[in-house]
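Q: File name input.tsv; file contents TSV, C-alpha atoms; full text below.
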```
chain	number	residue	atom	x	y	z
A	726	MET	CA	-0.09	16.57	6.86
A	727	GLU	CA	1.09	20.11	7.58
A	728	LEU	CA	-2.44	21.39	6.99
A	729	ALA	CA	-3.98	18.63	9.13
A	730	ARG	CA	-1.67	19.47	12.03
A	731	TRP	CA	-2.37	23.17	11.58
A	732	VAL	CA	-6.10	22.49	11.95
A	733	GLY	CA	-5.47	20.70	15.24
A	734	GLN	CA	-3.29	23.55	16.48
A	735	PHE	CA	-5.91	26.09	15.39
A	736	VAL	CA	-8.58	24.29	17.42
A	737	GLU	CA	-6.33	24.40	20.49
A	738	ARG	CA	-5.25	28.01	19.98
A	739	GLU	CA	-8.75	29.36	19.43
A	740	GLY	CA	-10.28	27.33	22.25
A	741	ILE	CA	-12.83	25.74	19.94
A	742	GLY	CA	-15.00	23.19	21.71
A	743	LYS	CA	-13.82	19.66	21.03
A	744	SER	CA	-17.02	17.91	20.14
A	745	VAL	CA	-16.97	14.18	19.51
A	746	THR	CA	-17.58	14.80	15.82
A	747	LEU	CA	-14.66	17.21	15.56
A	748	CYS	CA	-12.29	14.87	17.39
A	749	ASN	CA	-13.34	11.93	15.24
A	750	ALA	CA	-12.65	14.00	12.12
A	751	LEU	CA	-9.21	14.99	13.46
A	752	ILE	CA	-8.34	11.36	14.24
A	753	ASP	CA	-9.33	10.28	10.75
A	754	THR	CA	-7.55	13.18	9.04
A	755	LEU	CA	-4.29	12.84	10.95
A	756	ALA	CA	-4.23	9.08	10.47
A	757	LYS	CA	-4.79	9.28	6.72
A	758	CYS	CA	-2.04	11.90	6.47
A	759	GLY	CA	0.38	9.56	8.26
A	760	ASP	CA	0.44	11.11	11.75
A	761	VAL	CA	-0.89	8.09	13.63
A	762	ASP	CA	0.68	9.13	16.93
A	763	GLY	CA	-1.13	12.46	16.63
A	764	ALA	CA	-4.40	10.62	15.95
A	765	VAL	CA	-3.88	8.42	19.01
A	766	ALA	CA	-3.13	11.50	21.13
A	767	VAL	CA	-6.44	13.08	20.08
A	768	PHE	CA	-8.24	9.84	20.94
A	769	HIS	CA	-6.70	9.65	24.42
A	770	GLY	CA	-7.66	13.28	25.04
A	771	MET	CA	-11.36	12.68	24.36
A	772	GLU	CA	-13.72	12.77	27.33
A	773	GLU	CA	-16.49	11.05	25.38
A	774	ARG	CA	-16.06	8.45	22.64
A	775	THR	CA	-18.39	6.88	20.11
A	776	VAL	CA	-17.94	3.69	18.11
A	777	VAL	CA	-16.52	5.91	15.34
A	778	SER	CA	-13.82	7.16	17.74
A	779	TRP	CA	-12.74	3.63	18.62
A	780	THR	CA	-12.95	2.40	15.05
A	781	SER	CA	-10.94	5.33	13.71
A	782	VAL	CA	-8.02	4.75	16.05
A	783	ILE	CA	-8.11	0.97	15.45
A	784	ASP	CA	-7.95	1.64	11.71
A	785	ALA	CA	-5.13	4.15	12.22
A	786	LEU	CA	-2.98	1.66	14.13
A	787	ALA	CA	-3.74	-1.16	11.69
A	788	MET	CA	-2.88	1.19	8.82
A	789	GLU	CA	0.62	1.72	10.19
A	790	GLY	CA	1.28	-1.95	10.91
A	791	ARG	CA	0.82	-1.68	14.66
A	792	GLY	CA	-1.45	-4.70	14.74
A	793	LYS	CA	-1.01	-5.71	18.35
A	794	GLU	CA	-1.73	-2.17	19.52
A	795	ALA	CA	-4.86	-2.13	17.37
A	796	LEU	CA	-6.08	-5.34	18.99
A	797	VAL	CA	-5.38	-3.93	22.47
A	798	VAL	CA	-7.59	-0.93	21.64
A	799	PHE	CA	-10.27	-3.28	20.30
A	800	GLU	CA	-10.29	-5.24	23.57
A	801	GLU	CA	-10.43	-1.95	25.52
A	802	MET	CA	-13.40	-0.96	23.38
A	803	LYS	CA	-15.27	-4.10	24.42
A	804	THR	CA	-14.29	-3.63	28.06
A	805	ALA	CA	-15.65	-0.08	27.94
A	806	GLY	CA	-19.02	-1.51	26.95
A	807	MET	CA	-18.92	-0.25	23.36
A	808	PRO	CA	-20.15	-3.05	21.05
A	809	PRO	CA	-18.05	-3.22	17.87
A	810	ASP	CA	-19.70	-2.76	14.50
A	811	ASP	CA	-18.82	-4.22	11.11
A	812	VAL	CA	-16.40	-1.36	10.39
A	813	ALA	CA	-14.46	-2.06	13.58
A	814	PHE	CA	-14.01	-5.66	12.48
A	815	ILE	CA	-12.51	-4.53	9.16
A	816	GLY	CA	-9.82	-2.71	11.16
A	817	VAL	CA	-9.29	-5.71	13.43
A	818	LEU	CA	-8.98	-8.17	10.53
A	819	THR	CA	-6.63	-5.80	8.72
A	820	ALA	CA	-4.48	-5.57	11.86
A	821	CYS	CA	-4.33	-9.36	12.13
A	822	SER	CA	-3.50	-9.69	8.44
A	823	HIS	CA	-0.56	-7.33	8.56
A	824	ALA	CA	0.75	-8.64	11.84
A	825	GLY	CA	0.70	-12.22	10.52
A	826	MET	CA	-1.80	-13.25	13.21
A	827	VAL	CA	-3.75	-15.78	11.16
A	828	ASP	CA	-5.29	-17.79	14.01
A	829	GLU	CA	-6.36	-14.65	15.85
A	830	GLY	CA	-7.84	-13.21	12.68
A	831	TYR	CA	-9.86	-16.34	12.02
A	832	ALA	CA	-11.15	-16.28	15.61
A	833	TYR	CA	-12.24	-12.64	15.29
A	834	PHE	CA	-13.92	-13.43	11.97
A	835	ASP	CA	-15.93	-16.24	13.55
A	836	SER	CA	-16.88	-14.06	16.52
A	837	MET	CA	-18.60	-11.54	14.25
A	838	LYS	CA	-21.60	-13.80	13.71
A	839	MET	CA	-21.39	-15.95	16.82
A	840	GLU	CA	-20.91	-13.22	19.45
A	841	TYR	CA	-22.26	-10.05	17.83
A	842	GLY	CA	-24.71	-11.25	15.21
A	843	ILE	CA	-22.86	-9.38	12.45
A	844	ASP	CA	-23.01	-10.96	9.02
A	845	PRO	CA	-19.60	-10.62	7.32
A	846	LYS	CA	-19.61	-8.41	4.24
A	847	ILE	CA	-17.46	-8.65	1.15
A	848	GLU	CA	-14.84	-6.39	2.81
A	849	HIS	CA	-14.42	-8.85	5.68
A	850	TYR	CA	-14.00	-11.76	3.28
A	851	GLY	CA	-11.45	-9.68	1.40
A	852	CYS	CA	-9.48	-9.13	4.60
A	853	MET	CA	-9.43	-12.87	5.25
A	854	VAL	CA	-8.24	-13.67	1.73
A	855	ASP	CA	-5.51	-11.06	2.08
A	856	MET	CA	-4.51	-12.48	5.48
A	857	PHE	CA	-4.11	-16.01	4.13
A	858	GLY	CA	-2.36	-14.80	1.00
A	859	ARG	CA	0.15	-12.62	2.82
A	860	ALA	CA	0.94	-15.52	5.15
A	861	GLY	CA	1.81	-17.65	2.12
A	862	MET	CA	-1.30	-19.81	2.55
A	863	VAL	CA	-2.40	-19.47	-1.07
A	864	GLU	CA	-4.29	-22.77	-1.21
A	865	ARG	CA	-6.17	-21.94	1.97
A	866	ALA	CA	-7.03	-18.53	0.54
A	867	MET	CA	-8.32	-20.19	-2.63
A	868	GLU	CA	-10.41	-22.67	-0.66
A	869	PHE	CA	-11.80	-19.83	1.46
A	870	VAL	CA	-12.90	-18.03	-1.71
A	871	ARG	CA	-14.51	-21.18	-3.10
A	872	THR	CA	-16.60	-21.66	0.04
A	873	MET	CA	-17.69	-18.03	0.47
A	874	PRO	CA	-21.49	-17.69	0.78
A	875	ILE	CA	-21.39	-14.58	-1.41
A	876	LYS	CA	-19.92	-14.12	-4.87
A	877	PRO	CA	-16.28	-12.94	-4.78
A	878	ASN	CA	-15.82	-9.55	-6.37
A	879	PRO	CA	-12.89	-8.64	-8.68
A	880	ILE	CA	-10.98	-7.12	-5.75
A	881	ILE	CA	-10.84	-10.47	-3.97
A	882	TRP	CA	-9.67	-12.22	-7.13
A	883	ARG	CA	-6.98	-9.58	-7.66
A	884	THR	CA	-5.90	-10.03	-4.06
A	885	LEU	CA	-5.41	-13.71	-4.85
A	886	VAL	CA	-3.39	-12.85	-7.95
A	887	ALA	CA	-1.16	-10.61	-5.81
A	888	ALA	CA	-0.62	-13.52	-3.39
A	889	CYS	CA	0.20	-15.84	-6.30
A	890	ARG	CA	2.77	-13.37	-7.59
A	891	ALA	CA	4.34	-12.89	-4.16
A	892	HIS	CA	4.67	-16.62	-3.55
A	893	GLY	CA	5.57	-17.82	-7.04
A	894	ARG	CA	2.22	-19.41	-7.93
A	895	HIS	CA	2.29	-18.03	-11.45
A	896	GLU	CA	0.15	-20.75	-13.05
A	897	LEU	CA	-2.72	-20.14	-10.64
A	898	GLY	CA	-2.25	-16.39	-10.99
A	899	GLU	CA	-2.50	-16.72	-14.76
A	900	THR	CA	-5.72	-18.74	-14.53
A	901	ILE	CA	-7.38	-16.20	-12.24
A	902	SER	CA	-6.16	-13.27	-14.36
A	903	ARG	CA	-7.55	-14.87	-17.52
A	904	ASN	CA	-10.92	-15.44	-15.88
A	905	LEU	CA	-11.01	-11.84	-14.71
A	906	LEU	CA	-10.13	-10.61	-18.19
A	907	ASN	CA	-12.90	-12.68	-19.75
A	908	GLU	CA	-15.47	-11.41	-17.25
A	909	TYR	CA	-14.30	-7.80	-17.09
A	910	PRO	CA	-12.66	-7.05	-20.47
A	911	SER	CA	-12.80	-3.27	-20.03
A	912	HIS	CA	-10.78	-3.05	-16.79
A	913	GLU	CA	-7.14	-2.18	-17.47
A	914	ALA	CA	-5.92	-3.82	-14.25
A	915	ASN	CA	-6.84	-7.27	-15.55
A	916	TYR	CA	-4.74	-6.79	-18.70
A	917	VAL	CA	-1.78	-5.50	-16.70
A	918	MET	CA	-1.93	-8.38	-14.22
A	919	LEU	CA	-1.96	-11.00	-16.98
A	920	SER	CA	0.77	-9.13	-18.81
A	921	ASN	CA	2.87	-9.15	-15.64
A	922	VAL	CA	2.38	-12.90	-15.21
A	923	TYR	CA	3.68	-13.45	-18.73
A	924	ALA	CA	6.65	-11.18	-18.06
A	925	LEU	CA	7.52	-12.95	-14.79
A	926	THR	CA	7.53	-16.27	-16.66
A	927	GLN	CA	9.46	-14.69	-19.58
A	928	ARG	CA	6.69	-15.31	-22.11
A	929	TRP	CA	7.37	-12.13	-24.02
A	930	LYS	CA	5.27	-13.03	-27.07
A	931	GLU	CA	2.12	-13.47	-24.96
A	932	LYS	CA	2.93	-10.26	-23.08
A	933	SER	CA	3.15	-8.34	-26.35
A	934	GLU	CA	-0.17	-9.78	-27.49
A	935	ILE	CA	-1.87	-8.54	-24.32
A	936	ARG	CA	-0.39	-5.08	-24.80
A	937	ARG	CA	-1.56	-5.01	-28.42
A	938	GLU	CA	-5.05	-5.98	-27.31
A	939	MET	CA	-5.02	-3.12	-24.82
A	940	SER	CA	-3.99	-0.71	-27.55
A	941	LYS	CA	-6.66	-2.08	-29.89
A	942	ARG	CA	-9.35	-1.50	-27.24
A	943	GLY	CA	-8.01	1.93	-26.35
A	944	ILE	CA	-7.14	0.80	-22.82
A	945	LYS	CA	-4.16	2.53	-21.23
A	946	LYS	CA	-2.12	1.50	-18.23
A	947	VAL	CA	-2.11	3.95	-15.35
A	948	PRO	CA	1.40	5.45	-15.26
A	949	GLY	CA	3.24	5.25	-11.96
A	950	CYS	CA	3.89	8.52	-10.17
A	951	SER	CA	5.25	9.50	-6.77
A	952	LEU	CA	4.35	12.66	-4.86
A	953	VAL	CA	6.03	14.50	-2.01
A	954	GLU	CA	4.91	17.57	-0.08
A	955	LEU	CA	7.54	20.15	0.71
A	956	ASP	CA	6.94	23.62	2.14
A	957	GLY	CA	3.25	23.37	1.35
A	958	GLU	CA	3.82	22.44	-2.30
A	959	VAL	CA	3.20	19.00	-3.83
A	960	HIS	CA	5.86	17.73	-6.28
A	961	GLU	CA	5.02	14.90	-8.68
A	962	PHE	CA	7.54	12.59	-10.33
A	963	MET	CA	7.23	9.90	-12.99
A	964	ALA	CA	9.80	7.32	-14.08
A	965	GLY	CA	12.58	8.97	-16.07
A	966	ASP	CA	11.04	12.38	-15.37
A	967	GLU	CA	13.00	15.37	-16.69
A	968	THR	CA	10.27	17.98	-16.26
A	969	HIS	CA	11.17	19.12	-12.75
A	970	PRO	CA	13.20	22.36	-12.62
A	971	GLN	CA	15.87	20.56	-10.56
A	972	TRP	CA	15.91	17.34	-12.54
A	973	LYS	CA	19.66	17.44	-13.22
A	974	GLU	CA	20.51	17.78	-9.52
A	975	ILE	CA	17.94	15.07	-8.71
A	976	TYR	CA	19.55	12.67	-11.18
A	977	MET	CA	22.97	13.36	-9.72
A	978	MET	CA	21.62	12.56	-6.25
A	979	VAL	CA	20.05	9.31	-7.53
A	980	GLU	CA	23.42	8.29	-8.98
A	981	GLU	CA	25.13	9.14	-5.69
A	982	ILE	CA	22.63	6.99	-3.80
A	983	ALA	CA	23.16	4.14	-6.29
A	984	ARG	CA	26.95	4.32	-5.83
A	985	GLU	CA	26.56	4.23	-2.05
A	986	LEU	CA	24.22	1.25	-2.25
A	987	ARG	CA	26.63	-0.65	-4.51
A	988	ARG	CA	29.40	0.08	-2.03
A	989	ILE	CA	27.45	-1.56	0.80
A	990	GLY	CA	26.57	-4.58	-1.35
A	991	HIS	CA	23.09	-3.83	-2.70
A	992	ILE	CA	22.18	-5.91	-5.76
A	993	PRO	CA	19.42	-4.42	-7.93
A	994	THR	CA	16.18	-6.45	-8.00
A	995	THR	CA	15.99	-6.76	-11.77
A	996	SER	CA	13.04	-9.15	-11.56
A	997	GLU	CA	10.97	-6.00	-11.00
A	998	VAL	CA	11.65	-4.92	-14.61
A	999	LEU	CA	8.95	-6.68	-16.59
A	1000	LEU	CA	10.60	-6.00	-19.94
A	1001	ASP	CA	12.65	-8.18	-22.30
A	1002	LEU	CA	16.00	-6.52	-21.60
A	1003	ASP	CA	19.47	-7.71	-20.61
A	1004	GLU	CA	20.53	-7.34	-16.98
A	1005	GLU	CA	22.49	-4.13	-17.52
A	1006	ASP	CA	19.55	-2.42	-19.21
A	1007	LYS	CA	17.22	-3.63	-16.48
A	1008	GLU	CA	19.44	-2.05	-13.84
A	1009	GLY	CA	19.34	1.19	-15.80
A	1010	ALA	CA	15.55	1.07	-15.99
A	1011	LEU	CA	15.31	0.54	-12.24
A	1012	GLN	CA	17.51	3.50	-11.43
A	1013	TRP	CA	15.04	6.16	-12.56
A	1014	HIS	CA	11.87	4.92	-10.88
A	1015	SER	CA	9.62	7.69	-9.61
A	1016	GLU	CA	10.12	6.72	-5.94
A	1017	LYS	CA	13.86	7.20	-6.26
A	1018	LEU	CA	13.49	10.56	-7.94
A	1019	ALA	CA	11.13	11.72	-5.19
A	1020	ILE	CA	13.49	10.51	-2.46
A	1021	ALA	CA	16.47	12.16	-4.11
A	1022	PHE	CA	14.58	15.45	-4.46
A	1023	VAL	CA	13.63	15.58	-0.79
A	1024	LEU	CA	17.13	14.62	0.33
A	1025	LEU	CA	18.42	17.53	-1.74
A	1026	ARG	CA	16.00	20.01	-0.21
A	1027	THR	CA	15.82	19.02	3.47
A	1028	PRO	CA	18.30	18.85	6.37
A	1029	PRO	CA	19.13	15.61	8.24
A	1030	GLY	CA	16.43	14.65	10.69
A	1031	THR	CA	13.55	15.69	8.45
A	1032	GLN	CA	10.69	13.20	8.20
A	1033	ILE	CA	9.94	12.38	4.57
A	1034	ARG	CA	6.69	11.02	3.18
A	1035	VAL	CA	6.40	9.78	-0.38
A	1036	VAL	CA	3.02	8.74	-1.79
A	1037	LYS	CA	2.77	6.54	-4.87
A	1038	ASN	CA	-0.35	5.68	-6.85
A	1039	LEU	CA	0.84	2.15	-7.67
A	1040	ARG	CA	2.90	-0.54	-5.99
A	1041	VAL	CA	6.34	0.46	-4.75
A	1042	CYS	CA	8.78	-1.84	-6.51
A	1043	LEU	CA	10.94	-4.16	-4.42
A	1044	ASP	CA	14.15	-2.53	-5.61
A	1045	CYS	CA	13.04	0.85	-4.26
A	1046	ILE	CA	12.56	-0.48	-0.71
A	1047	PRO	CA	16.26	-1.10	0.04
A	1048	VAL	CA	17.06	2.13	-1.81
A	1049	SER	CA	14.83	3.97	0.66
A	1050	ASP	CA	16.50	2.20	3.56
A	1051	GLY	CA	20.04	2.68	2.30
A	1052	SER	CA	19.71	6.33	1.35
A	1053	LEU	CA	18.20	7.22	4.69
A	1054	LYS	CA	20.89	5.51	6.73
A	1055	SER	CA	23.44	7.91	5.35
A	1056	ALA	CA	21.14	10.91	5.59
A	1057	SER	CA	19.90	10.19	9.15
A	1058	GLN	CA	16.32	10.88	8.08
A	1059	LYS	CA	12.99	9.20	8.60
A	1060	MET	CA	10.81	8.32	5.66
A	1061	MET	CA	7.45	6.80	4.84
A	1062	VAL	CA	6.63	5.62	1.34
A	1063	LYS	CA	2.94	4.98	0.83
A	1064	ASP	CA	1.68	3.14	-2.21
A	1065	ASN	CA	-1.47	1.68	-3.68
A	1066	LEU	CA	-0.20	-1.87	-3.66
A	1067	PHE	CA	-3.48	-3.32	-4.75
A	1068	PRO	CA	-6.47	-1.61	-6.36
A	1069	GLY	CA	-9.51	-1.37	-4.18
A	1070	SER	CA	-7.88	-3.40	-1.48
A	1071	PHE	CA	-5.02	-2.15	0.62
A	1072	CYS	CA	-2.41	0.55	0.75
A	1073	LYS	CA	1.07	-0.26	1.93
A	1074	TYR	CA	3.51	1.91	3.81
A	1075	PHE	CA	7.27	1.49	3.95
A	1076	LYS	CA	8.36	3.45	6.99
A	1077	ILE	CA	11.90	4.01	8.20
A	1078	GLU	CA	12.19	4.60	11.92
A	1079	ASP	CA	15.71	4.54	13.31
A	1080	ASN	CA	16.86	2.63	10.20
A	1081	THR	CA	14.22	-0.07	10.70
A	1082	LEU	CA	11.83	-0.87	7.86
A	1083	VAL	CA	8.21	-1.22	8.93
A	1084	THR	CA	5.42	-2.21	6.52
A	1085	SER	CA	1.79	-1.51	7.12
A	1086	TRP	CA	-1.49	-1.28	5.28
A	1087	MET	CA	-4.76	0.56	5.12
A	1088	HIS	CA	-8.04	-0.31	3.44
A	1089	LEU	CA	-8.91	1.85	0.46
A	1090	THR	CA	-11.12	1.85	-2.57
A	1091	MET	CA	-9.10	2.99	-5.53
A	1092	ASN	CA	-8.80	2.32	-9.26
A	1093	GLY	CA	-5.11	1.62	-9.63
A	1094	VAL	CA	-3.19	-1.53	-10.41
A	1095	SER	CA	-0.38	-3.47	-8.87
A	1096	SER	CA	2.55	-2.62	-11.07
A	1097	SER	CA	5.96	-1.06	-11.03
A	1098	ASP	CA	6.83	2.08	-12.99
```
Now, as a test, write the supplied structure out as structure tokens.
A:
Amino acid sequence: MELARWVGQFVEREGIGKSVTLCNALIDTLAKCGDVDGAVAVFHGMEERTVVSWTSVIDALAMEGRGKEALVVFEEMKTAGMPPDDVAFIGVLTACSHAGMVDEGYAYFDSMKMEYGIDPKIEHYGCMVDMFGRAGMVERAMEFVRTMPIKPNPIIWRTLVAACRAHGRHELGETISRNLLNEYPSHEANYVMLSNVYALTQRWKEKSEIRREMSKRGIKKVPGCSLVELDGEVHEFMAGDETHPQWKEIYMMVEEIARELRRIGHIPTTSEVLLDLDEEDKEGALQWHSEKLAIAFVLLRTPPGTQIRVVKNLRVCLDCIPVSDGSLKSASQKMMVKDNLFPGSFCKYFKIEDNTLVTSWMHLTMNGVSSSD
């Protein structure tokens, strides 16, 4: 983000002409680095806008969970006489999904073909499945997939599995995961998802069998890691990491945060530990997750009031969300934790603004897997 902002400042300082292409690139860059307000400011300062300009700012707002604002911009786009394209509708459907606006999302989906003659692509169907799933409408999501005019891809099926996990539909999640594994036996995400289903239902024998099969095939699970940028340098942490030069101080800070959270009544979310351990050992395993190490490191190195951004390659575990919230309340800092919640589907942000937790998403194409450290 520091580099992205520097580029914008350099353009201003050197009086470089702000072409539409340059402004569009700045909007996209700032948004993907987490500075959505900066992206919006660039957009408002443009004298001329293309469909890419409008789409970029809609995506930026949807990415940060500002769904209603994204829809306002979309309506302004239409009023300005700029016909939306299929990419704009991905941003709109994403905004509806993450704002819980199911009826509005369905209406926008229908309008693609009826009003603009745009045939929905697999990405649009994926947005709809995610919208139903996140709203707890798992059966409706499943029915939507069954009636799709195009073949669902693995991303859509994994989105359904994520919805099943979130809403306790483990039997359906297991069925879908098994089908995925049979059809795509070389993709590690399918093994991990099925393994997680077995762990959530405490079927440890079946979980072990899946892990052995992975080992037999030479398939390895992507390890979770969290990254933070500080003074122009990127620091990477993994669960239980002791490779950082300041790891002892970091661990002491994590323990201090844990004590403070216990004092205010936080109960560890041990369901996030998908291992056959007793409750005490599960709490210990949770304590050293990579997100917590990254948070502790930045709290050690920055003064109160500093905005913190943590990026994780996999899903941020549920226990680390209240840890982020609780640690920041005492430190008076703002933080955003970005994770790849679901491979090839969406990225989720946990953002603390004035001690309020905001979640938002962005569409990505990645090869990760939904899993805790």
Q: Quick one: pull the distance between atom CA of Gly763 of chain A and atom CA of Val736 of chain A, Å, one decimal.
A: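 Answer for the atom CA of Gly763 of chain A to atom CA of Val736 of chain A separation: 14.0 Å.
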Q: What does the distance between atom CA of Val827 of chain A and atom CA of Met856 of chain A come to in Å, to one decimal place?
A: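 Going from atom CA of Val827 of chain A over to atom CA of Met856 of chain A, I get 6.6 Å.
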Q: Between A:Ala766, A:Ala824, A:Leu986, A:Val812, which is the closest to Glu794 of chain A once you count all atoms listed in the file?
A: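 Checking each candidate against Glu794 of chain A, we get A:Ala824 as the closest.
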Q: May I ask for the distance between atom CA of Val732 of chain A and atom CA of Val777 of chain A, given in Å to one decimal place?
A: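 One can read the atom CA of Val732 of chain A to atom CA of Val777 of chain A distance as 19.9 Å.
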Q: Ranking A:Val761, A:Phe768, A:Cys889, A:Val922 by minimum distance to Arg903 of chain A and counting all atoms listed in the file, which one comes first?
A: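 For Arg903 of chain A, the nearest of the candidates is A:Val922.
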Q: Fewer than 5 positions away in the same chain doesn't count, so skip those; otherwise give me all residues within 12 Å of Arg936 of chain A, counting only C-alpha atoms, as a ChimeraX atom specification.
A: /A:913-921,923-924,929-931,941-946
Q: Hey, what's within 7 Å of Ile783 of chain A if we count only C-alpha atoms and toss same-chain stuff fewer than 2 positions away? As a list in words, please?
A: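 Here the answer would be Trp779, Thr780, Ser781, Ala785, Leu786, Ala787, Ala795, Val798, Phe799 and Gly816 of chain A.
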Q: For Lys846 of chain A, please output as a list in words all residues within 10 Å (counting only C-alpha atoms; exclusion window: fewer than 4 positions along the same chain).
A: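 Near neighbours after the sequence-gap exclusion: Asp811, Val812, Ile815, Tyr850, Gly851 and Ile875 of chain A.
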